[in-house]
Amino acid sequence: MGYEDVKFPKGSKFLVTGSAGFIGSNLVEAILRLGYQVRGLDDFSTGKKDNVEEFLDDSNYEFIEGDIRNFETCMRACNGVDYVLNQAAWGSVPRSIKMPQFYEEVNIKGTLNMMEAARQNGVKKFVYASSSSVYGDDPNLPKIEGREGSVLSPYSLTKKVNEEYGRLYSKLYGLDTYGLRYFNVYGRRQNPDGSYAAVIPKFIKQLLDNEQPTINGDGKQSRDFTYIENVIEANLKACEAPSKSAGEAYNIACGGREFLIDIYKHLSNTLGKDIQPNFGPNRIGDIKHSNADISKAGEMLGYEPDWNFERGIQAAIEWYKENL
Ligand code: NAD
């Protein structure tokens with residue numbers, strides 16, 4: 001269980017793209033703690049300088065400021081690297097509906113650049129962030145790999161295309177790729193600010209600031225909220241996975257289901273706040289329920305998440321109370 005026991009050859013080097021972001025910076029921190037070398041790559045478009053600067057004193061760490069839309073930058077970043085953890089992308093379903101061409105450029109072209117640079121540099125494993133949103137309008141629960149519906153937003157389409165390229169790069173070029181379909185990740189360093197922020201950090205910050213949060217829809221939507229530690233485990237286990245597990249995409253979740261309104265109540269109670277939420281319209285492109293079957297990642301990657309929702313949300317609340 002967990003990832004403290006994963007072992008890579010001494011001196012192994014990881015490239016984390018999107019390293020100034022929420023998931024990327026947590027990956028950097030975990031890999032440095034395990035004693036391996038890390039190169040980060042980020043253009044600071046949605047990430048924060050603070051998330052990069054806190055590691056600069058570590059001699060195992062280096063950082064390249066650059067854009068994955070630039071192939072030369074991707075080549076430079078992949079030089080001498082054993083494992084790539086590709087997290088750089090623009091998130092948010094509603095924002096992608098407003099700017100589809102930009103999402104195509106960053107999320108599709110950028111990821112293709114990274115895969116090609118990884119291939120040309122002889123990288124051992126290419127692990128990349130996909131998303132639960134590839135399930136689109138499939139109404140079935142739990143979500144299971146191989147039973148996807150039609151995507152509902154440009155963002156989801158970009159992740160679907162990434163997975164197709166991932167499959168092709170394994171099949172045609174022998175690059176071991178692993179797509180990780182993250183389900184609503186939350187935890188330390190996730191950005192609480194702005195209209196596209198994820199609900200958990202946003203609600204915590206608003207409650208701490210005594211503001212009235214808005215729940216989109218009736219609050220009865222459910223999600224398989226996944227604590228960041230589980231996502232770190234999945235990335236590291238994918239780097240250790242055999243080649244026979246490559247070319248595939250995997251649900252990375254907790255395997256549970258939380259209703260938004262219950263999360264809101266839990267956060268208000270834990271933070272000692274008595275603020276009634278405002279209810280707004282449903283968001284276009286959103287689905288009502290989501291919950292993952294995680295058995296494929298268990299069997300093929302050895303993924304065994306050991307942070308359940310109760311444990312994860314407690315740790316997240318503690319972190320925001322200390323750091324906001
Ligand atoms: P984030 O916005 O915090 O991090 C993304 C990082 O990528 C940022 O630091 C940003 O500056 C960087 N970036 C964006 N465009 C870039 C470019 N062209 N070149 C270089 N760097 C660039 O988001 P996150 O939540 O950490 O998400 C990481 C990955 O996980 C993304 O691919 C996202 O789509 C995926 N994902 C996240 C979730 C979630 O719940 N957080 C769920 C599903 C999938």
# chains A, B, ... in the order shown; residues from 1 in each chain; ligands from 1
call {"tool": "residues_near_ligand", "arguments": {"ligand": "ligand 1", "cutoff": "8 Å", "atoms": "only C-alpha atoms and all ligand atoms", "output": "CSV table (one decimal) with all heavy atoms, in the first residue's frame"}}
result
chain,number,residue,atom,x,y,z
A,17,THR,N,6.1,17.6,-15.8
A,17,THR,CA,5.6,18.8,-16.5
A,17,THR,C,4.4,19.3,-15.7
A,17,THR,O,3.7,18.6,-15.1
A,17,THR,CB,5.2,18.6,-17.9
A,17,THR,OG1,4.0,17.9,-18.0
A,17,THR,CG2,6.3,17.8,-18.7
A,18,GLY,N,4.2,20.7,-15.7
A,18,GLY,CA,3.1,21.2,-14.9
A,18,GLY,C,3.6,21.2,-13.5
A,18,GLY,O,2.7,21.2,-12.5
A,19,SER,N,4.9,21.4,-13.2
A,19,SER,CA,5.4,21.2,-11.9
A,19,SER,C,5.1,22.4,-11.0
A,19,SER,O,5.3,22.3,-9.8
A,19,SER,CB,6.9,21.0,-11.9
A,19,SER,OG,7.6,22.1,-12.5
A,20,ALA,N,4.6,23.5,-11.5
A,20,ALA,CA,4.3,24.6,-10.6
A,20,ALA,C,2.8,24.5,-10.3
A,20,ALA,O,2.3,25.4,-9.6
A,20,ALA,CB,4.5,25.9,-11.3
A,21,GLY,N,2.1,23.5,-10.7
A,21,GLY,CA,0.7,23.3,-10.4
A,21,GLY,C,0.4,22.5,-9.2
A,21,GLY,O,1.4,22.1,-8.5
A,22,PHE,N,-0.8,22.2,-9.0
A,22,PHE,CA,-1.2,21.5,-7.8
A,22,PHE,C,-0.6,20.0,-7.8
A,22,PHE,O,0.2,19.7,-6.9
A,22,PHE,CB,-2.8,21.5,-7.8
A,22,PHE,CG,-3.4,20.4,-7.0
A,22,PHE,CD1,-3.0,20.1,-5.7
A,22,PHE,CD2,-4.5,19.6,-7.5
A,22,PHE,CE1,-3.6,19.1,-4.9
A,22,PHE,CE2,-5.1,18.6,-6.7
A,22,PHE,CZ,-4.6,18.3,-5.5
A,23,ILE,N,-1.0,19.2,-8.8
A,23,ILE,CA,-0.6,17.8,-8.8
A,23,ILE,C,0.9,17.7,-9.1
A,23,ILE,O,1.7,17.0,-8.4
A,23,ILE,CB,-1.4,17.0,-9.8
A,23,ILE,CG1,-2.9,17.0,-9.4
A,23,ILE,CG2,-0.8,15.6,-9.9
A,23,ILE,CD1,-3.8,16.3,-10.4
A,24,GLY,N,1.4,18.5,-10.0
A,24,GLY,CA,2.8,18.5,-10.4
A,24,GLY,C,3.7,18.8,-9.2
A,24,GLY,O,4.7,18.1,-8.9
A,25,SER,N,3.4,19.9,-8.4
A,25,SER,CA,4.3,20.2,-7.3
A,25,SER,C,4.3,19.2,-6.2
A,25,SER,O,5.3,18.9,-5.6
A,25,SER,CB,3.9,21.6,-6.7
A,25,SER,OG,2.6,21.5,-6.2
A,41,LEU,N,9.1,21.3,-15.3
A,41,LEU,CA,8.9,22.2,-16.5
A,41,LEU,C,7.5,22.8,-16.3
A,41,LEU,O,6.5,22.1,-16.1
A,41,LEU,CB,8.9,21.3,-17.8
A,41,LEU,CG,8.5,22.0,-19.1
A,41,LEU,CD1,9.4,23.2,-19.5
A,41,LEU,CD2,8.4,21.0,-20.2
A,42,ASP,N,7.5,24.1,-16.5
A,42,ASP,CA,6.2,24.8,-16.3
A,42,ASP,C,6.3,26.2,-17.0
A,42,ASP,O,7.4,26.8,-17.0
A,42,ASP,CB,5.8,25.0,-14.9
A,42,ASP,CG,4.3,25.1,-14.7
A,42,ASP,OD1,3.7,26.1,-15.1
A,42,ASP,OD2,3.7,24.2,-14.1
A,43,ASP,N,5.2,26.7,-17.5
A,43,ASP,CA,5.2,28.1,-18.1
A,43,ASP,C,4.5,29.1,-17.2
A,43,ASP,O,4.3,30.2,-17.6
A,43,ASP,CB,4.5,28.1,-19.5
A,43,ASP,CG,3.1,27.8,-19.4
A,43,ASP,OD1,2.5,27.4,-18.4
A,43,ASP,OD2,2.4,28.0,-20.5
A,44,PHE,N,4.1,28.6,-16.0
A,44,PHE,CA,3.4,29.5,-15.0
A,44,PHE,C,2.1,30.1,-15.5
A,44,PHE,O,1.6,31.1,-15.0
A,44,PHE,CB,4.3,30.6,-14.5
A,44,PHE,CG,5.6,30.2,-13.8
A,44,PHE,CD1,6.8,30.4,-14.3
A,44,PHE,CD2,5.4,29.4,-12.6
A,44,PHE,CE1,8.0,30.0,-13.6
A,44,PHE,CE2,6.6,29.0,-11.9
A,44,PHE,CZ,7.8,29.3,-12.4
A,45,SER,N,1.5,29.4,-16.5
A,45,SER,CA,0.2,30.0,-17.0
A,45,SER,C,-0.9,29.8,-16.0
A,45,SER,O,-1.7,30.7,-15.8
A,45,SER,CB,-0.2,29.3,-18.3
A,45,SER,OG,-0.2,27.9,-18.2
A,46,THR,N,-1.0,28.7,-15.3
A,46,THR,CA,-2.0,28.6,-14.2
A,46,THR,C,-1.3,28.2,-12.9
A,46,THR,O,-1.9,28.1,-11.9
A,46,THR,CB,-3.1,27.5,-14.5
A,46,THR,OG1,-2.5,26.2,-14.7
A,46,THR,CG2,-3.8,27.9,-15.8
A,47,GLY,N,0.0,27.9,-13.0
A,47,GLY,CA,0.8,27.4,-11.8
A,47,GLY,C,1.4,28.6,-11.1
A,47,GLY,O,1.3,29.8,-11.5
A,48,LYS,N,2.0,28.4,-9.9
A,48,LYS,CA,2.6,29.4,-9.1
A,48,LYS,C,4.1,29.3,-8.9
A,48,LYS,O,4.6,28.2,-8.6
A,48,LYS,CB,1.9,29.3,-7.7
A,48,LYS,CG,0.5,29.7,-7.6
A,48,LYS,CD,0.0,29.6,-6.2
A,48,LYS,CE,-1.5,29.9,-6.1
A,48,LYS,NZ,-2.0,29.5,-4.8
A,65,GLU,N,11.8,26.9,-17.1
A,65,GLU,CA,10.6,27.6,-17.4
A,65,GLU,C,10.3,27.5,-18.9
A,65,GLU,O,11.2,27.9,-19.7
A,65,GLU,CB,10.7,29.1,-17.0
A,65,GLU,CG,9.4,29.9,-17.3
A,65,GLU,CD,9.4,31.3,-16.7
A,65,GLU,OE1,10.3,31.6,-15.9
A,65,GLU,OE2,8.5,32.0,-17.1
A,66,GLY,N,9.2,27.0,-19.3
A,66,GLY,CA,9.0,26.8,-20.7
A,66,GLY,C,7.6,26.2,-21.0
A,66,GLY,O,6.9,25.8,-20.1
A,67,ASP,N,7.3,26.2,-22.3
A,67,ASP,CA,5.9,25.9,-22.8
A,67,ASP,C,5.9,24.5,-23.5
A,67,ASP,O,6.8,24.4,-24.5
A,67,ASP,CB,5.5,27.0,-23.7
A,67,ASP,CG,4.1,27.0,-24.1
A,67,ASP,OD1,3.5,25.9,-24.1
A,67,ASP,OD2,3.5,28.1,-24.3
A,68,ILE,N,5.1,23.6,-23.2
A,68,ILE,CA,5.1,22.3,-23.9
A,68,ILE,C,4.6,22.5,-25.4
A,68,ILE,O,4.6,21.5,-26.1
A,68,ILE,CB,4.2,21.2,-23.2
A,68,ILE,CG1,2.8,21.7,-22.9
A,68,ILE,CG2,4.9,20.9,-21.9
A,68,ILE,CD1,1.9,20.5,-22.5
A,69,ARG,N,4.1,23.7,-25.7
A,69,ARG,CA,3.7,23.8,-27.1
A,69,ARG,C,5.0,24.0,-28.0
A,69,ARG,O,4.9,24.0,-29.2
A,69,ARG,CB,2.8,25.1,-27.3
A,69,ARG,CG,1.4,24.8,-26.8
A,69,ARG,CD,0.5,26.1,-26.8
A,69,ARG,NE,1.0,27.0,-25.8
A,69,ARG,CZ,0.5,28.2,-25.6
A,69,ARG,NH1,-0.4,28.7,-26.4
A,69,ARG,NH2,1.0,29.1,-24.7
A,86,ASN,N,3.7,13.6,-17.1
A,86,ASN,CA,3.2,14.7,-17.9
A,86,ASN,C,1.9,15.2,-17.3
A,86,ASN,O,0.8,14.6,-17.5
A,86,ASN,CB,3.0,14.4,-19.3
A,86,ASN,CG,2.7,15.6,-20.2
A,86,ASN,OD1,3.4,16.5,-20.2
A,86,ASN,ND2,1.5,15.5,-20.9
A,87,GLN,N,2.0,16.4,-16.5
A,87,GLN,CA,0.8,16.9,-15.9
A,87,GLN,C,0.4,18.3,-16.5
A,87,GLN,O,-0.7,18.7,-16.3
A,87,GLN,CB,1.0,17.2,-14.4
A,87,GLN,CG,1.7,16.0,-13.6
A,87,GLN,CD,0.8,14.8,-13.7
A,87,GLN,OE1,-0.4,14.8,-13.4
A,87,GLN,NE2,1.4,13.7,-14.0
A,88,ALA,N,1.3,18.9,-17.3
A,88,ALA,CA,1.0,20.2,-17.8
A,88,ALA,C,-0.2,20.2,-18.7
A,88,ALA,O,-0.3,19.3,-19.7
A,88,ALA,CB,2.2,20.7,-18.6
A,89,ALA,N,-1.2,21.0,-18.5
A,89,ALA,CA,-2.4,21.1,-19.3
A,89,ALA,C,-3.2,22.2,-18.7
A,89,ALA,O,-3.0,22.7,-17.6
A,89,ALA,CB,-3.2,19.8,-19.2
A,90,TRP,N,-4.2,22.6,-19.4
A,90,TRP,CA,-5.2,23.5,-18.9
A,90,TRP,C,-6.4,22.7,-18.5
A,90,TRP,O,-6.9,21.9,-19.2
A,90,TRP,CB,-5.6,24.7,-19.9
A,90,TRP,CG,-4.7,25.8,-19.7
A,90,TRP,CD1,-3.3,25.8,-19.6
A,90,TRP,CD2,-5.1,27.2,-19.6
A,90,TRP,NE1,-2.8,27.1,-19.4
A,90,TRP,CE2,-3.9,27.9,-19.4
A,90,TRP,CE3,-6.3,27.9,-19.7
A,90,TRP,CZ2,-3.9,29.3,-19.3
A,90,TRP,CZ3,-6.3,29.3,-19.6
A,90,TRP,CH2,-5.1,30.0,-19.4
A,91,GLY,N,-6.9,22.9,-17.2
A,91,GLY,CA,-8.0,22.2,-16.7
A,91,GLY,C,-9.3,23.0,-16.8
A,91,GLY,O,-9.2,24.1,-17.4
A,92,SER,N,-10.4,22.5,-16.3
A,92,SER,CA,-11.7,23.1,-16.3
A,92,SER,C,-12.5,22.9,-17.5
A,92,SER,O,-12.2,23.4,-18.6
A,92,SER,CB,-11.6,24.7,-16.0
A,92,SER,OG,-12.8,25.3,-16.2
A,106,VAL,N,-2.7,23.5,-26.3
A,106,VAL,CA,-2.0,23.1,-25.1
A,106,VAL,C,-2.1,21.7,-24.8
A,106,VAL,O,-1.1,20.9,-24.6
A,106,VAL,CB,-2.4,24.0,-23.9
A,106,VAL,CG1,-1.7,23.5,-22.6
A,106,VAL,CG2,-2.2,25.5,-24.1
A,107,ASN,N,-3.4,21.2,-24.7
A,107,ASN,CA,-3.6,19.9,-24.1
A,107,ASN,C,-3.3,18.8,-25.1
A,107,ASN,O,-2.8,17.7,-24.8
A,107,ASN,CB,-5.0,19.7,-23.6
A,107,ASN,CG,-5.3,20.6,-22.4
A,107,ASN,OD1,-4.5,21.5,-22.0
A,107,ASN,ND2,-6.4,20.4,-21.7
A,110,GLY,N,0.5,20.0,-27.1
A,110,GLY,CA,1.6,20.0,-26.1
A,110,GLY,C,1.9,18.6,-25.6
A,110,GLY,O,3.0,18.2,-25.5
A,128,TYR,N,0.9,10.0,-18.1
A,128,TYR,CA,0.3,11.3,-18.3
A,128,TYR,C,-1.1,11.4,-17.7
A,128,TYR,O,-1.8,10.4,-17.5
A,128,TYR,CB,0.2,11.6,-19.9
A,128,TYR,CG,-0.6,10.6,-20.6
A,128,TYR,CD1,-2.0,10.8,-20.9
A,128,TYR,CD2,-0.1,9.3,-21.0
A,128,TYR,CE1,-2.8,9.9,-21.5
A,128,TYR,CE2,-0.9,8.4,-21.6
A,128,TYR,CZ,-2.2,8.7,-21.9
A,128,TYR,OH,-3.0,7.7,-22.5
A,129,ALA,N,-1.4,12.7,-17.4
A,129,ALA,CA,-2.7,12.9,-16.7
A,129,ALA,C,-3.8,12.9,-17.8
A,129,ALA,O,-3.8,13.7,-18.7
A,129,ALA,CB,-2.7,14.3,-16.1
A,130,SER,N,-4.8,12.0,-17.6
A,130,SER,CA,-6.0,12.0,-18.3
A,130,SER,C,-7.1,12.4,-17.3
A,130,SER,O,-6.8,13.0,-16.3
A,130,SER,CB,-6.3,10.6,-18.9
A,130,SER,OG,-7.5,10.7,-19.7
A,131,SER,N,-8.3,12.1,-17.6
A,131,SER,CA,-9.4,12.7,-16.7
A,131,SER,C,-10.6,11.8,-16.7
A,131,SER,O,-11.0,11.2,-17.8
A,131,SER,CB,-9.7,14.1,-17.1
A,131,SER,OG,-11.0,14.4,-16.7
A,132,SER,N,-11.3,11.7,-15.6
A,132,SER,CA,-12.6,11.0,-15.6
A,132,SER,C,-13.6,11.6,-16.6
A,132,SER,O,-14.6,10.9,-16.9
A,132,SER,CB,-13.2,11.1,-14.2
A,132,SER,OG,-13.4,12.5,-13.8
A,133,SER,N,-13.4,12.8,-17.0
A,133,SER,CA,-14.4,13.4,-17.9
A,133,SER,C,-14.4,12.7,-19.3
A,133,SER,O,-15.3,12.9,-20.1
A,133,SER,CB,-14.1,14.9,-18.1
A,133,SER,OG,-12.9,15.1,-18.8
A,155,TYR,N,-12.4,20.1,-23.3
A,155,TYR,CA,-11.4,19.6,-22.3
A,155,TYR,C,-11.4,18.1,-22.4
A,155,TYR,O,-10.3,17.4,-22.5
A,155,TYR,CB,-11.7,20.1,-20.9
A,155,TYR,CG,-10.9,19.4,-19.8
A,155,TYR,CD1,-9.5,19.8,-19.7
A,155,TYR,CD2,-11.4,18.5,-19.0
A,155,TYR,CE1,-8.8,19.1,-18.7
A,155,TYR,CE2,-10.7,17.9,-18.0
A,155,TYR,CZ,-9.3,18.2,-17.8
A,155,TYR,OH,-8.6,17.6,-16.9
A,159,LYS,N,-8.4,15.1,-23.6
A,159,LYS,CA,-7.9,14.0,-22.8
A,159,LYS,C,-8.1,12.7,-23.6
A,159,LYS,O,-7.3,11.8,-23.5
A,159,LYS,CB,-8.6,13.9,-21.4
A,159,LYS,CG,-8.2,15.1,-20.5
A,159,LYS,CD,-6.7,15.2,-20.2
A,159,LYS,CE,-6.4,16.4,-19.3
A,159,LYS,NZ,-4.9,16.5,-19.0
A,181,ARG,N,-6.6,8.4,-15.5
A,181,ARG,CA,-7.8,9.1,-15.5
A,181,ARG,C,-8.1,9.6,-14.0
A,181,ARG,O,-8.8,8.8,-13.3
A,181,ARG,CB,-9.0,8.2,-16.0
A,181,ARG,CG,-8.9,7.9,-17.4
A,181,ARG,CD,-10.0,7.0,-17.9
A,181,ARG,NE,-9.9,6.7,-19.3
A,181,ARG,CZ,-10.6,5.9,-20.0
A,181,ARG,NH1,-11.6,5.2,-19.3
A,181,ARG,NH2,-10.5,5.7,-21.3
A,182,TYR,N,-7.7,10.8,-13.7
A,182,TYR,CA,-7.9,11.2,-12.3
A,182,TYR,C,-9.4,11.6,-12.2
A,182,TYR,O,-10.0,12.2,-13.0
A,182,TYR,CB,-7.1,12.5,-12.1
A,182,TYR,CG,-5.6,12.4,-12.3
A,182,TYR,CD1,-4.9,13.6,-12.6
A,182,TYR,CD2,-4.9,11.3,-12.0
A,182,TYR,CE1,-3.5,13.6,-12.8
A,182,TYR,CE2,-3.5,11.3,-12.2
A,182,TYR,CZ,-2.8,12.4,-12.5
A,182,TYR,OH,-1.5,12.4,-12.7
A,183,PHE,N,-9.9,11.3,-11.0
A,183,PHE,CA,-11.2,11.6,-10.6
A,183,PHE,C,-11.2,12.7,-9.5
A,183,PHE,O,-10.8,12.4,-8.3
A,183,PHE,CB,-12.0,10.4,-10.0
A,183,PHE,CG,-12.5,9.5,-11.1
A,183,PHE,CD1,-11.6,8.8,-11.9
A,183,PHE,CD2,-13.9,9.3,-11.2
A,183,PHE,CE1,-12.1,7.9,-12.9
A,183,PHE,CE2,-14.4,8.4,-12.2
A,183,PHE,CZ,-13.5,7.7,-13.0
A,184,ASN,N,-11.5,13.9,-9.8
A,184,ASN,CA,-11.6,15.0,-8.8
A,184,ASN,C,-10.6,14.9,-7.7
A,184,ASN,O,-10.9,14.6,-6.5
A,184,ASN,CB,-13.0,15.1,-8.2
A,184,ASN,CG,-14.1,15.4,-9.2
A,184,ASN,OD1,-14.4,14.6,-10.0
A,184,ASN,ND2,-14.5,16.7,-9.2
A,185,VAL,N,-9.4,15.3,-8.0
A,185,VAL,CA,-8.3,15.3,-7.1
A,185,VAL,C,-8.4,16.5,-6.1
A,185,VAL,O,-8.8,17.6,-6.6
A,185,VAL,CB,-6.9,15.3,-7.8
A,185,VAL,CG1,-5.8,15.0,-6.8
A,185,VAL,CG2,-6.9,14.2,-8.9
A,186,TYR,N,-8.0,16.3,-4.9
A,186,TYR,CA,-8.0,17.5,-4.0
A,186,TYR,C,-6.8,17.3,-3.0
A,186,TYR,O,-6.3,16.2,-2.8
A,186,TYR,CB,-9.3,17.6,-3.2
A,186,TYR,CG,-9.6,16.5,-2.2
A,186,TYR,CD1,-9.3,16.6,-0.9
A,186,TYR,CD2,-10.0,15.3,-2.7
A,186,TYR,CE1,-9.4,15.6,0.0
A,186,TYR,CE2,-10.2,14.2,-1.8
A,186,TYR,CZ,-9.9,14.4,-0.5
A,186,TYR,OH,-10.0,13.3,0.4
A,190,GLN,N,-3.7,22.9,-3.8
A,190,GLN,CA,-4.7,23.1,-4.9
A,190,GLN,C,-5.2,24.5,-4.8
A,190,GLN,O,-5.6,25.0,-3.7
A,190,GLN,CB,-5.9,22.1,-4.8
A,190,GLN,CG,-6.8,22.2,-6.0
A,190,GLN,CD,-7.8,21.0,-6.0
A,190,GLN,OE1,-8.2,20.5,-4.9
A,190,GLN,NE2,-8.2,20.6,-7.2
A,191,ASN,N,-5.2,25.2,-5.9
A,191,ASN,CA,-5.6,26.7,-6.0
A,191,ASN,C,-7.1,26.9,-5.6
A,191,ASN,O,-8.0,26.4,-6.3
A,191,ASN,CB,-5.3,27.2,-7.4
A,191,ASN,CG,-5.3,28.7,-7.4
A,191,ASN,OD1,-5.7,29.4,-6.5
A,191,ASN,ND2,-4.9,29.2,-8.5
A,198,ALA,N,-11.5,24.4,-8.2
A,198,ALA,CA,-12.2,23.2,-7.8
A,198,ALA,C,-13.0,23.5,-6.5
A,198,ALA,O,-12.6,24.3,-5.7
A,198,ALA,CB,-11.2,22.1,-7.6
A,226,THR,N,-10.7,12.3,-4.8
A,226,THR,CA,-9.4,11.5,-4.7
A,226,THR,C,-8.3,12.3,-4.0
A,226,THR,O,-8.0,13.4,-4.6
A,226,THR,CB,-9.0,11.0,-6.1
A,226,THR,OG1,-10.1,10.4,-6.7
A,226,THR,CG2,-7.8,10.1,-6.0
call {"tool": "select_by_dssp", "arguments": {"residues": "range 146-215 of chain A", "states": "alpha helix (DSSP H)", "output": "MDAnalysis selection string"}}
result
chainID A and resid 154:173 199:208
call {"tool": "residues_around", "arguments": {"residues": "Glu233 in chain A", "least_positions_apart": "6", "cutoff": "9 Å", "atoms": "only C-alpha atoms", "output": "JSON, numbers by chain"}}
result
{"A": [1, 2, 3, 4, 6, 303, 304, 305]}
call {"tool": "write_last_selection", "arguments": {"atoms": "N, CA, C and O atoms", "output": "mmCIF file, in the first residue's frame"}}
result
data_model
loop_
_atom_site.group_PDB
_atom_site.id
_atom_site.type_symbol
_atom_site.label_atom_id
_atom_site.label_comp_id
_atom_site.auth_asym_id
_atom_site.auth_seq_id
_atom_site.Cartn_x
_atom_site.Cartn_y
_atom_site.Cartn_z
ATOM 1 N N MET A 1 0.846 -1.203 0.000
ATOM 2 C CA MET A 1 0.000 0.000 0.000
ATOM 3 C C MET A 1 0.879 1.249 0.000
ATOM 4 O O MET A 1 2.004 1.231 0.477
ATOM 5 N N GLY A 2 0.322 2.346 -0.521
ATOM 6 C CA GLY A 2 1.087 3.593 -0.550
ATOM 7 C C GLY A 2 2.233 3.516 -1.534
ATOM 8 O O GLY A 2 2.288 2.611 -2.360
ATOM 9 N N TYR A 3 3.165 4.461 -1.419
ATOM 10 C CA TYR A 3 4.256 4.468 -2.399
ATOM 11 C C TYR A 3 5.624 4.542 -1.748
ATOM 12 O O TYR A 3 6.631 4.653 -2.441
ATOM 13 N N GLU A 4 5.678 4.487 -0.439
ATOM 14 C CA GLU A 4 6.985 4.645 0.213
ATOM 15 C C GLU A 4 7.935 3.509 -0.159
ATOM 16 O O GLU A 4 9.148 3.664 -0.093
ATOM 17 N N VAL A 6 8.199 2.074 -3.229
ATOM 18 C CA VAL A 6 8.563 1.955 -4.650
ATOM 19 C C VAL A 6 10.075 2.169 -4.768
ATOM 20 O O VAL A 6 10.664 2.963 -4.042
ATOM 21 N N TYR A 303 -2.017 -0.474 -8.004
ATOM 22 C CA TYR A 303 -2.531 0.711 -7.294
ATOM 23 C C TYR A 303 -3.492 0.300 -6.176
ATOM 24 O O TYR A 303 -4.483 -0.374 -6.438
ATOM 25 N N GLU A 304 -3.160 0.698 -4.939
ATOM 26 C CA GLU A 304 -4.006 0.356 -3.777
ATOM 27 C C GLU A 304 -4.139 1.597 -2.917
ATOM 28 O O GLU A 304 -3.390 1.771 -1.954
ATOM 29 N N PRO A 305 -5.052 2.507 -3.262
ATOM 30 C CA PRO A 305 -5.117 3.783 -2.548
ATOM 31 C C PRO A 305 -5.376 3.583 -1.060
ATOM 32 O O PRO A 305 -6.262 2.817 -0.698
#
call {"tool": "closest_residue", "arguments": {"among": "A:Arg311, A:Lys124, A:His289, A:Arg283", "to": "Glu240 in chain A", "atoms": "only C-alpha atoms"}}
result
A:Lys124
call {"tool": "select_by_dssp", "arguments": {"residues": "range 88-262 of chain A", "states": "strand (DSSP E or B)", "output": "ChimeraX atom specification"}}
result
/A:125-131,143,176-182,185-186,214-216,222-223,226-227,248-252,258-259
call {"tool": "closest_residue", "arguments": {"among": "A:Lys13, A:Arg189, A:Arg76, A:Arg95", "to": "Asn60 in chain A", "atoms": "only C-alpha atoms"}}
result
A:Lys13
call {"tool": "atom_distance", "arguments": {"atom1": "CA of Leu180 in chain A", "atom2": "CA of Leu168 in chain A"}}
result
15.9 Å
call {"tool": "atom_distance", "arguments": {"atom1": "CA of Val81 in chain A", "atom2": "CA of Ala238 in chain A"}}
result
15.8 Å
call {"tool": "atom_distance", "arguments": {"atom1": "CA of Ala118 in chain A", "atom2": "CA of Ser156 in chain A"}}
result
23.4 Å
